[in-house]
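Take a look at the structure below.
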4 protein chains.
Amino acid sequence: MSNSFGATFRATTFGESHGGGLGVIVDGCPAGHPFPFARIAAQLARRRPGQSKLTSPRQEADELKVLSGLEPGTDLTLGTPIAMLFANSDARSHHYDDLAELYRPSHADYTYDARYGLRAVAGGGRSSARETVGRVAAGALAEDLLATLHGVEIVAWVAEVAGVIAPLPDLTTLDRALVDASPVRCPDPAAAEAMIAAIDGARREGDTVGGVIRCIARKVPAGWGAPVFDKLTAALAQAMMSLPASRGFEIGDGFASTRLRGSQHNDPFAVHPDTGQIFTTTNHSGGIQGGISNGETIRFAVAFKPTATLFRPQHTVTRDLQPVIFQPKGRHDPCVLPRAVPMVEAMAALVLCDHMLRARLARVADLVP
Amino acid sequence: MSNSFGATFRATTFGESHGGGLGVIVDGCPAGHPFPFARIAAQLARRRPGQSKLTSPRQEADELKVLSGLEPGTDLTLGTPIAMLFANSDARSHHYDDLAELYRPSHADYTYDARYGLRAVAGGGRSSARETVGRVAAGALAEDLLATLHGVEIVAWVAEVAGVIAPLPDLTTLDRALVDASPVRCPDPAAAEAMIAAIDGARREGDTVGGVIRCIARKVPAGWGAPVFDKLTAALAQAMMSLPASRGFEIGDGFASTRLRGSQHNDPFAVHPDTGQIFTTTNHSGGIQGGISNGETIRFAVAFKPTATLFRPQHTVTRDLQPVIFQPKGRHDPCVLPRAVPMVEAMAALVLCDHMLRARLARVADLVP
Amino acid sequence: MSNSFGATFRATTFGESHGGGLGVIVDGCPAGHPFPFARIAAQLARRRPGQSKLTSPRQEADELKVLSGLEPGTDLTLGTPIAMLFANSDARSHHYDDLAELYRPSHADYTYDARYGLRAVAGGGRSSARETVGRVAAGALAEDLLATLHGVEIVAWVAEVAGVIAPLPDLTTLDRALVDASPVRCPDPAAAEAMIAAIDGARREGDTVGGVIRCIARKVPAGWGAPVFDKLTAALAQAMMSLPASRGFEIGDGFASTRLRGSQHNDPFAVHPDTGQIFTTTNHSGGIQGGISNGETIRFAVAFKPTATLFRPQHTVTRDLQPVIFQPKGRHDPCVLPRAVPMVEAMAALVLCDHMLRARLARVADLVP
Amino acid sequence: MSNSFGATFRATTFGESHGGGLGVIVDGCPAGHPFPFARIAAQLARRRPGQSKLTSPRQEADELKVLSGLEPGTDLTLGTPIAMLFANSDARSHHYDDLAELYRPSHADYTYDARYGLRAVAGGGRSSARETVGRVAAGALAEDLLATLHGVEIVAWVAEVAGVIAPLPDLTTLDRALVDASPVRCPDPAAAEAMIAAIDGARREGDTVGGVIRCIARKVPAGWGAPVFDKLTAALAQAMMSLPASRGFEIGDGFASTRLRGSQHNDPFAVHPDTGQIFTTTNHSGGIQGGISNGETIRFAVAFKPTATLFRPQHTVTRDLQPVIFQPKGRHDPCVLPRAVPMVEAMAALVLCDHMLRARLARVADLVP
């Protein structure tokens, strides 16, 4: 169903941006794991609006309430569904009253009406990026399992904004502290400055900008993923393209790989002199071959369009098909990318955790009691 | 499960490139539809190796045998599973004996071994592009339903090979005849010539090239798709990234959209003076907003890497971790793109047919008997 | 996943009997339906403990809070997930402290520990019948769709308790008012009296009793269900056997049919002189043939064991394998059947609503726009 | 989807009784398992028609052809889908021509037409018990995994036919050789004789009989199953009620448990003096408590109605609503139970294998690499 993700570790989100609240149910979390309140809080803080002048001044407390699935006293996971709830506190829905009757360009207003015949007007309802609060919480739980069991490290960063391209950081040492050193979440100080300037410039003009987030996952063992429709690449692509405002996905060298020859793109195998393990001497593939991880760092990119909400008059139509000029008001991000960094990490963690579990069932030899 | 695709119209493929045969089971095809043998045969012919000097000289008859799901005599669909079978005829598996003990770079040999502990060596087994024969057959069935019920038209073409970029064709008139006018399946004659030259050049050097396929779907009604994880964009991305050798996906303006400002990228709504219907005066979004179709032409692109099989010596290792030089022999495509065109169309059709059905359940008003 | 039910109309429940709360997410509810607060409240009231001396004196308010999925102001369904939440108010978890270290006979204590290595002790955690509060709410929503769209009427009743067998009521006129005329929910007054006496007798002796609930669904059209694994019989069986304390399921004549000859059991078809519709002159099949409804009244039965919690000393063991005598305290039902009536109705409604939707996709002719 | 069963070990069947063939795809079989040709052949032989005078004289070779999923040479499972195909050889479909226009009572003719608007007439098409050939093959594979990894032993037998009730055999020693000692598959010689007489008697009168199959699964470890909707009881019930002609299911004491008091029905826990393991001193629960196995022998029963095809004239109607007398011809079983024994075992194995795999993901402690 449309609101669930994952085959064995499954997150189901619910909730509109305004109303009774939002949340996520995680079904399939193995039992006996200490619930990672701190990791979840840290990622929620990175997703939260109002962090800096680059993001919406909306204040959303995003206070997590866990309703179920934890053992009282120990907060160990019980193996039963973990329900995580977020109240909607700062809901000034009267701001949206005038939006009920027109379709904001490049929002989901028209398409929701086309599909359902009605929609929750305030704040975009279910199409709001606020829906991702549950994803980030579930993703941080998934990430904690990945880190605990395999030492997996997931780090995303803003690699490009409005055409400002940051140089590739050292992928072996990059961490979230380096990413968060700048409010734009680009680890290269010079590029970060230029990005901030670009975002500020657009905002002053009532406009918005887009960009590219890159993400790596280190220490994913070889053998996660699957042939055919559930290739790890396919699962990551679905996950990323399910994020609001995402417009493109690429693995490894991605679109650039199309301009290489096979002899340039192929990743030769070798045996590491220290570990005796197979590795590839290059990683054009981005850590996935035939849909299955090969033990190298997984590396992908996600394109985000410029925010559709901008403070300039735009042509559109009303529900009763009258042309109007739309002049938005309210509180919005001129650039979603800094806040999208933990969303990308969360979706990557959901994919990898699901496939970590599925990999345990791949061989009879691993199933001997 | 890994080998099934779709929630309501579900294709399950099976089979290795060599062995008893391959095929696909389609579960959920509505009853009473004339089985489209001709459409399926046409798309299979476009996928088949040996079509031109640009593709592998392997001869695969790809003769379709339908085992179930059709009414005898009428060939109307019964509503029960449709099993489509393809025999493996030209199986010279001894060609592959020497591949059993080494890992071809950027193939799935190593990752399958890492996951399963063993693999079907001949022809890459399940990781072979031969697996897509079932997808193309199922996709052509899906396409026939889409065409019959809604007049949907899906057309893919080769837009770029080895850096040769074709100008954008007229998307309102493009059809498969125009695409197939050149064996490289690029509708622009000049670009097609240059692409063919690039492919030939690479082949003469024992090398391979990649490129980009673009695809459109015309006449998809507004309202197909879903919020959150099953966004139409997410489903298309999963579908495309599940194809062999695919490395990237983008919807609408995709990665290029990240360099536009919101005021440039937003698609204004207007009312068509002739039809009285809502439409957008631009289509940067590629026909999907908030994960749901908006009635405009759906437009996306898929990046394919250069074929991993090339006829030059390469460094790799054996299963028992000895370094070797690998010099491939056999029959392979120097460029997968011409044959990938019907694969992209098939996966697009599977996504759209699934969502066509799901859209019928979206409103209570549509469920009144 | 374990906590979800349904393919197109999907209910996912969460929550332990004590703790932050319980609830259900309904994904796939069509848009534009007035949310049936009254129907849900009525069924919740019938499920609630403390209704009569026959049921547990626990007081659970079971106040429904809908967090999402409804249009503000109109309470029309939005097509997005409907999250229904129930707080845990009367949670005296200290009553259960002494249960942490022993395994109550024929409860889920031991099996949860065997599976998960830990469990929520208070009130049985996830294995508590309190979990069904979400099912009843979701089921009442499903029932409202069935009633609105097709006039489907679902009525369950207590047909047998402790060997007291009620005569079969008139299935054409039976309704919930007749069922609720007695607190034991048996529509036959004399049998109801005898059942109440049997329950009281068992309770006075610190013991418990079981029985059989029968259920009908009237006005289900012919053609709902599916061949093979999702037969309507199979779906109903899964649904009913997922209820706490259920031990058996039968459709139509069920186990008794095994003692009939085919010539006695077969249901002849005829054409109704008034309506011109096909019907069967008998209904041994219980309204389902080949897994698909035939338009007759669907009729099935569910066996419930005697409540496992009884107020007599019992032999058991502790977690550290010491034999002990267990003497329960607390508040429990001596017979679950009166409260299980709305649970059976809810699960029947979830099955039928899912198949009502799926039936809309069965024929191409029904999909013409 | 309707034709698939299982969440992690998934069988998808296809095929009509007459036509190109039938079969099953198994997705999710772990890699490296020797494919159990002999076990599968043995169970297929027990399902085959024409075994004795008790069953249909139809001759179906049921020769298994495995198309995919096995390593050439070793026949080890590859982890990829295993496609098993059975040709339809003895297809005298002209026998069925006169059935195209009428609805056989208590068959699926009418309901398939009601759902799909058409149907495969010959042999009942998809509703034929011939569909189970794929289930039996997939189930025998599942059983082989269960036996290899955990020593699980599944044995079903005919416990009742036409009111002839066999005494309960010794469940600790019962095996298939004892069951197969009589062609009726009842291990009690006296009851078997009486059953055979009852079947013969019915057949001589052109009539048919039904009965009850019981099944046990020994050595299932504690901890398989799941709370709520995927309870092991619920999964077994769905599995059994998906078999043709099944009408009821009960676990443990089943319907009889409803007449016991809790103090009689509860199963006390104790510690085994030899093994130091927890066990229950009685097994009224049938090995499942709270939906999860408790380590005792799993024990359940399935009711099968008398075969609907009988050789007596019956009232029915034609597709164009004319009353007719139907007088069947052809080859049919007067009693399905002997052949249903391996079907019950197969479905039990599919349920248990799926839950064996799922149990591996239940605890974090079991996931440490």
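By convention in this document, the chains of the structure tokens carry letters A, B, ... by their order, each chain's residues are numbered from 1, and ligands are numbered from 1 in the order they are shown.
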
Residues near segment 206-222 of chain D, anyone? I mean within 8 Å using only C-alpha atoms, not counting same-chain ones fewer than 6 positions away, as a PyMOL selection string. (chain C and resi 111+114-115+255+257-263) or (chain D and resi 150-163+171+198-199+292-312+333-337+341+344-345)

I'd like the contact shell of segment 130-135 of chain D - 7 Å cut-off, only C-alpha atoms, skipping same-chain residues fewer than 4 positions apart - returned as number ranges by chain. D: 13, 15-17, 22-24, 44, 126, 139, 343, 346

Could the residues in this selection be written to a file with C-alpha atoms, as a CSV table (one decimal), in the first residue's frame?
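Result file is again.csv:
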chain,number,residue,atom,x,y,z
D,13,THR,CA,0.6,-21.2,-8.9
D,15,GLY,CA,-2.6,-23.0,-14.9
D,16,GLU,CA,-6.0,-24.4,-15.8
D,17,SER,CA,-6.9,-28.1,-15.6
D,22,LEU,CA,0.2,-25.8,-14.8
D,23,GLY,CA,2.9,-25.1,-12.4
D,24,VAL,CA,4.3,-23.1,-9.5
D,44,LEU,CA,3.1,-36.0,-6.3
D,126,ARG,CA,-8.5,-22.9,-12.5
D,139,GLY,CA,5.1,-27.9,-0.3
D,343,MET,CA,-2.3,-31.4,-0.2
D,346,ALA,CA,1.9,-29.3,1.5

Could you go through segment 66-125 of chain C and tell me which residues DSSP, when run on the backbone, assigns to strand (DSSP E or B), listing them as a JSON list (two decimals) with C-alpha atoms, in the first residue's frame?
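The result, stored in states.json:
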[["chain", "number", "residue", "atom", "x", "y", "z"],
["C", 66, "VAL", "CA", -8.86, 10.25, 14.79],
["C", 70, "LEU", "CA", -10.37, 13.23, 7.41],
["C", 76, "LEU", "CA", -15.03, 13.14, 4.74],
["C", 77, "THR", "CA", -12.33, 10.57, 4.17],
["C", 82, "ILE", "CA", -6.81, 7.16, 8.75],
["C", 83, "ALA", "CA", -5.07, 6.89, 12.12],
["C", 84, "MET", "CA", -7.35, 5.97, 14.99],
["C", 85, "LEU", "CA", -5.95, 6.17, 18.47],
["C", 86, "PHE", "CA", -7.16, 4.89, 21.83],
["C", 102, "LEU", "CA", 6.05, -17.02, 35.46]]

If you take only C-alpha atoms and a cut-off of 6 Å, which residues of chain C touch chain B, and what are their nearest atom pairs and distances in Å to one decimal, in chain and number order, as CSV?
residue,atom,partner,partner_atom,distance
C:Pro30,CA,B:Arg363,CA,4.7
C:Ala31,CA,B:Arg363,CA,4.5
C:Gly32,CA,B:Val364,CA,5.9
C:Leu149,CA,B:Val368,CA,5.7
C:Ala362,CA,B:Pro30,CA,4.8
C:Arg363,CA,B:Ala31,CA,4.5
C:Val364,CA,B:Pro30,CA,5.2
C:Val368,CA,B:Leu149,CA,5.7

In Å, how far is it from atom CA of Pro81 of chain A to atom CA of Asp27 of chain D?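 Between atom CA of Pro81 of chain A and atom CA of Asp27 of chain D the gap works out to 26.2 Å.
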
Give me the residues near Ala237 of chain A as a list in words, where near means some atom within 7 Å (using only C-alpha atoms) and where sequence neighbours in that chain fewer than 3 positions away do not count.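 The residues that qualify are Thr233, Ala234, Met240, Met241 and Phe249 of chain A; Ala234, Ala237, Gln238 and Met241 of chain B.
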
What is the distance between atom CA of Ala41 of chain A and atom CA of Val351 of chain A, in Å to one decimal? 20.4 Å

Could you pull out all residues of segment 131-235 of chain B with a DSSP call of helix (DSSP H, G or I) and give them as a PyMOL selection string? chain B and resi 131-150+176-180+189-204+228-230+232-235

Using only C-alpha atoms, which of the listed residues (C:Gly291, C:Ile325, C:Gly69, C:Ala138) sits closest to Tyr116 of chain A?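 Result for the nearest residue to Tyr116 of chain A: C:Gly69.
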
Distance criterion (only C-alpha atoms): nearest to Thr282 of chain A out of B:Ser106, B:Ser246, B:Thr12, B:Ser127: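 Of B:Ser106, B:Ser246, B:Thr12, B:Ser127, the one nearest Thr282 of chain A is B:Ser106, counting only C-alpha atoms.
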
Using only C-alpha atoms, find the one residue out of D:Pro167, D:Gly223, D:Pro323, D:Gly19 that sits nearest to Pro189 of chain D. D:Pro167

So that I can check the surroundings of Arg46 of chain B, please list as a list in words every protein, DNA and RNA residue that reaches within 9 Å of it, counting only C-alpha atoms and ignoring chain neighbours fewer than 6 positions away.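 Surrounding residues, per the criterion: Asp180, Pro338, Arg339, Ala340, Val341 and Pro342 of chain B.
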
Could you take the residues named above and write them with N, CA and C atoms, as a PDB file, in the first residue's frame?
ATOM      1  N   ASP B 180      12.188   3.578 -34.774  1.00  0.00           N
ATOM      2  CA  ASP B 180      12.810   2.410 -35.387  1.00  0.00           C
ATOM      3  C   ASP B 180      13.375   2.680 -36.786  1.00  0.00           C
ATOM      4  N   PRO B 338      19.881   0.309 -27.850  1.00  0.00           N
ATOM      5  CA  PRO B 338      18.795   0.029 -28.809  1.00  0.00           C
ATOM      6  C   PRO B 338      17.828  -1.045 -28.309  1.00  0.00           C
ATOM      7  N   ARG B 339      18.386  -2.093 -27.721  1.00  0.00           N
ATOM      8  CA  ARG B 339      17.522  -3.157 -27.216  1.00  0.00           C
ATOM      9  C   ARG B 339      16.841  -2.776 -25.912  1.00  0.00           C
ATOM     10  N   ALA B 340      17.368  -1.808 -25.191  1.00  0.00           N
ATOM     11  CA  ALA B 340      16.752  -1.419 -23.921  1.00  0.00           C
ATOM     12  C   ALA B 340      15.507  -0.561 -24.122  1.00  0.00           C
ATOM     13  N   VAL B 341      15.331  -0.035 -25.328  1.00  0.00           N
ATOM     14  CA  VAL B 341      14.157   0.812 -25.581  1.00  0.00           C
ATOM     15  C   VAL B 341      12.849   0.083 -25.247  1.00  0.00           C
ATOM     16  N   PRO B 342      12.608  -1.134 -25.781  1.00  0.00           N
ATOM     17  CA  PRO B 342      11.363  -1.809 -25.402  1.00  0.00           C
ATOM     18  C   PRO B 342      11.323  -2.237 -23.937  1.00  0.00           C
TER      19      PRO B 342
END

Atomic distance atom CA of Lys231 of chain B - atom CA of Thr281 of chain B, expressed in Å with one decimal: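 Separation of atom CA of Lys231 of chain B and atom CA of Thr281 of chain B: 22.9 Å.
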